[in-house]
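Asks: If it helps, the file is called start-v7.pdb and holds PDB, C-alpha atoms, pLDDT in the B column:
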```pdb
ATOM      1  CA  MET A   1      41.053   6.321 -32.455  1.00 55.00           C
ATOM      2  CA  SER A   2      38.935   6.658 -29.337  1.00 53.00           C
ATOM      3  CA  THR A   3      35.698   4.849 -28.828  1.00 54.00           C
ATOM      4  CA  SER A   4      32.963   6.062 -26.519  1.00 52.00           C
ATOM      5  CA  PHE A   5      30.220   3.964 -25.128  1.00 54.00           C
ATOM      6  CA  ALA A   6      26.853   5.161 -24.021  1.00 51.00           C
ATOM      7  CA  VAL A   7      26.104   4.137 -20.467  1.00 49.00           C
ATOM      8  CA  PRO A   8      22.475   3.147 -20.178  1.00 48.00           C
ATOM      9  CA  ALA A   9      20.469   5.029 -17.619  1.00 46.00           C
ATOM     10  CA  PRO A  10      19.450   2.924 -14.644  1.00 50.00           C
ATOM     11  CA  ARG A  11      16.061   1.365 -15.186  1.00 51.00           C
ATOM     12  CA  SER A  12      13.468   2.485 -12.753  1.00 60.00           C
ATOM     13  CA  ALA A  13      11.582  -0.271 -11.035  1.00 71.00           C
ATOM     14  CA  MET A  14       8.457  -1.344 -12.807  1.00 89.00           C
ATOM     15  CA  LEU A  15       5.394  -0.300 -10.835  1.00 91.00           C
ATOM     16  CA  LEU A  16       2.719  -2.905 -10.278  1.00 93.00           C
ATOM     17  CA  ARG A  17      -0.852  -2.374  -9.211  1.00 96.00           C
ATOM     18  CA  ARG A  18      -1.398  -4.114  -5.883  1.00 96.00           C
ATOM     19  CA  ARG A  19      -4.727  -4.424  -4.082  1.00 98.00           C
ATOM     20  CA  ILE A  20      -4.251  -4.300  -0.345  1.00 98.00           C
ATOM     21  CA  ALA A  21      -6.898  -5.123   2.252  1.00 98.00           C
ATOM     22  CA  THR A  22      -6.361  -3.751   5.743  1.00 98.00           C
ATOM     23  CA  TYR A  23      -8.581  -4.566   8.714  1.00 98.00           C
ATOM     24  CA  PHE A  24      -8.456  -2.245  11.688  1.00 98.00           C
ATOM     25  CA  VAL A  25     -10.171  -1.238  14.920  1.00 97.00           C
ATOM     26  CA  GLY A  26     -10.866   2.235  16.233  1.00 94.00           C
ATOM     27  CA  GLY A  27     -13.219   3.594  13.589  1.00 93.00           C
ATOM     28  CA  ALA A  28     -12.953   6.669  11.395  1.00 94.00           C
ATOM     29  CA  GLU A  29     -10.302   8.395  13.502  1.00 95.00           C
ATOM     30  CA  GLU A  30      -7.779   5.733  12.382  1.00 96.00           C
ATOM     31  CA  VAL A  31      -8.201   6.422   8.641  1.00 96.00           C
ATOM     32  CA  PRO A  32      -5.649   9.305   8.432  1.00 97.00           C
ATOM     33  CA  ALA A  33      -2.901   7.074   9.876  1.00 97.00           C
ATOM     34  CA  LEU A  34      -3.787   4.280   7.438  1.00 97.00           C
ATOM     35  CA  VAL A  35      -3.697   6.602   4.435  1.00 96.00           C
ATOM     36  CA  GLY A  36      -0.506   8.201   5.760  1.00 96.00           C
ATOM     37  CA  ALA A  37       1.180   4.799   5.761  1.00 96.00           C
ATOM     38  CA  LEU A  38       0.764   4.739   1.973  1.00 95.00           C
ATOM     39  CA  GLU A  39       3.363   7.566   1.915  1.00 88.00           C
ATOM     40  CA  GLY A  40       2.272   9.387  -1.210  1.00 84.00           C
ATOM     41  CA  ARG A  41       2.235   6.339  -3.461  1.00 91.00           C
ATOM     42  CA  PRO A  42      -0.197   6.575  -6.375  1.00 94.00           C
ATOM     43  CA  VAL A  43      -3.545   5.221  -5.158  1.00 95.00           C
ATOM     44  CA  HIS A  44      -6.066   4.284  -7.851  1.00 91.00           C
ATOM     45  CA  GLU A  45      -8.888   3.057  -5.676  1.00 95.00           C
ATOM     46  CA  LEU A  46      -9.595   3.485  -1.991  1.00 97.00           C
ATOM     47  CA  SER A  47     -12.607   2.338  -0.045  1.00 97.00           C
ATOM     48  CA  VAL A  48     -13.170   2.325   3.677  1.00 97.00           C
ATOM     49  CA  ASP A  49     -15.978   0.358   5.311  1.00 97.00           C
ATOM     50  CA  ILE A  50     -16.854   1.409   8.850  1.00 96.00           C
ATOM     51  CA  ARG A  51     -20.073   0.027  10.338  1.00 90.00           C
ATOM     52  CA  ASP A  52     -21.678   0.888  13.614  1.00 87.00           C
ATOM     53  CA  GLY A  53     -21.660  -2.062  15.998  1.00 89.00           C
ATOM     54  CA  VAL A  54     -18.972  -4.001  14.101  1.00 90.00           C
ATOM     55  CA  ARG A  55     -15.606  -4.343  15.864  1.00 92.00           C
ATOM     56  CA  GLU A  56     -13.357  -4.321  12.780  1.00 96.00           C
ATOM     57  CA  SER A  57     -13.438  -1.915   9.864  1.00 97.00           C
ATOM     58  CA  SER A  58     -11.711  -2.346   6.513  1.00 98.00           C
ATOM     59  CA  MET A  59      -9.769  -0.314   3.987  1.00 98.00           C
ATOM     60  CA  VAL A  60      -9.147  -1.702   0.510  1.00 98.00           C
ATOM     61  CA  CYS A  61      -6.946   0.163  -1.927  1.00 97.00           C
ATOM     62  CA  ALA A  62      -5.149  -0.324  -5.223  1.00 97.00           C
ATOM     63  CA  VAL A  63      -1.644   1.128  -5.037  1.00 97.00           C
ATOM     64  CA  LEU A  64       1.113   1.373  -7.634  1.00 96.00           C
ATOM     65  CA  LEU A  65       4.433   0.197  -6.248  1.00 93.00           C
ATOM     66  CA  ALA A  66       7.524  -1.765  -7.130  1.00 92.00           C
ATOM     67  CA  ALA A  67       7.394  -5.481  -6.332  1.00 90.00           C
ATOM     68  CA  GLU A  68      10.142  -5.127  -3.724  1.00 93.00           C
ATOM     69  CA  GLU A  69       8.140  -2.422  -1.898  1.00 94.00           C
ATOM     70  CA  THR A  70       5.098  -4.618  -1.287  1.00 94.00           C
ATOM     71  CA  GLY A  71       6.432  -6.340   1.819  1.00 96.00           C
ATOM     72  CA  SER A  72       7.625  -3.134   3.453  1.00 95.00           C
ATOM     73  CA  LEU A  73       4.277  -1.413   2.845  1.00 96.00           C
ATOM     74  CA  LEU A  74       2.391  -4.345   4.363  1.00 97.00           C
ATOM     75  CA  ASP A  75       4.781  -4.318   7.339  1.00 97.00           C
ATOM     76  CA  ARG A  76       4.269  -0.570   7.784  1.00 97.00           C
ATOM     77  CA  LEU A  77       0.489  -1.026   7.839  1.00 98.00           C
ATOM     78  CA  ARG A  78       0.740  -4.004  10.228  1.00 98.00           C
ATOM     79  CA  GLY A  79       2.889  -1.899  12.533  1.00 98.00           C
ATOM     80  CA  LEU A  80       0.078   0.574  13.177  1.00 98.00           C
ATOM     81  CA  PRO A  81      -1.527  -0.015  16.595  1.00 98.00           C
ATOM     82  CA  SER A  82      -5.059  -0.128  15.172  1.00 97.00           C
ATOM     83  CA  VAL A  83      -4.324  -2.676  12.404  1.00 98.00           C
ATOM     84  CA  VAL A  84      -5.507  -6.241  12.926  1.00 97.00           C
ATOM     85  CA  SER A  85      -4.221  -7.475   9.540  1.00 98.00           C
ATOM     86  CA  ALA A  86      -2.982  -6.208   6.159  1.00 98.00           C
ATOM     87  CA  GLU A  87      -2.694  -8.532   3.166  1.00 98.00           C
ATOM     88  CA  LEU A  88      -2.694  -8.556  -0.610  1.00 97.00           C
ATOM     89  CA  ALA A  89      -6.279  -8.798  -1.759  1.00 92.00           C
TER      90      ALA A  89
END
```
Written as structure tokens, that's how I'd like the structure from this file.

Replies:
Amino acid sequence: MSTSFAVPAPRSAMLLRRRIATYFVGGAEEVPALVGALEGRPVHELSVDIRDGVRESSMVCAVLLAAEETGSLLDRLRGLPSVVSAELA
């Protein structure tokens, strides 16, 4: 008599909603690089605040990603030449 066992499918990582605040210099021309660093991840909210006469601008977004991806996304944003800081908000 042979017995077969069902092999469970690998569980995909649970996606968490993370709010990320990024502060950058260089104005509106830097926004495409910032958004590009999100690499197609689902973005639920995105706001950019650029003010004339203020040195730093900000981008705040809510992104769905796996917990283990959070650090690498923050590092990717921090690696952009225009970014002053990127943190969980």

Asks: I'd like the neighbourhood of region 25-38 of chain A as a list in words, where a residue qualifies if any of its atoms comes within 8 Å (using all atoms listed in the file), though same-chain residues fewer than 5 positions away should be ignored.

Replies: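 Residues near the query, excluding close chain neighbours: Ile50, Arg55, Glu56, Ser57, Leu73, Arg76, Leu77, Leu80, Ser82, Val83 and Val84 of chain A.
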
Asks: For the atom pair CA of Leu74 (chain A) and CA of Glu87 (chain A), what is the interatomic distance in Å to one decimal place?

Replies: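 CA of Leu74 (chain A) sits 6.7 Å away from CA of Glu87 (chain A).
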
Asks: Take the point (3.4, 5.0, -4.3) as written in the file and pick out every residue within 6 Å of it, counting all atoms listed in the file; give the list as a list in words.

Replies: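 Within 6 Å of (3.4, 5.0, -4.3), the protein and nucleic acid residues are Gly40, Arg41, Pro42, Leu64 and Leu65 of chain A.
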
Asks: Provide the CA of Val63 (chain A) to CA of Arg17 (chain A) distance in Å, to one decimal place.

Replies: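 Distance between the two atoms: 5.5 Å.
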
Asks: Using all atoms listed in the file, find the one residue out of A:Leu15, A:Gly71, A:Ser58, A:Phe24 that sits nearest to Val43 (chain A).

Replies: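 Selected residue with least distance to Val43 (chain A): A:Leu15.
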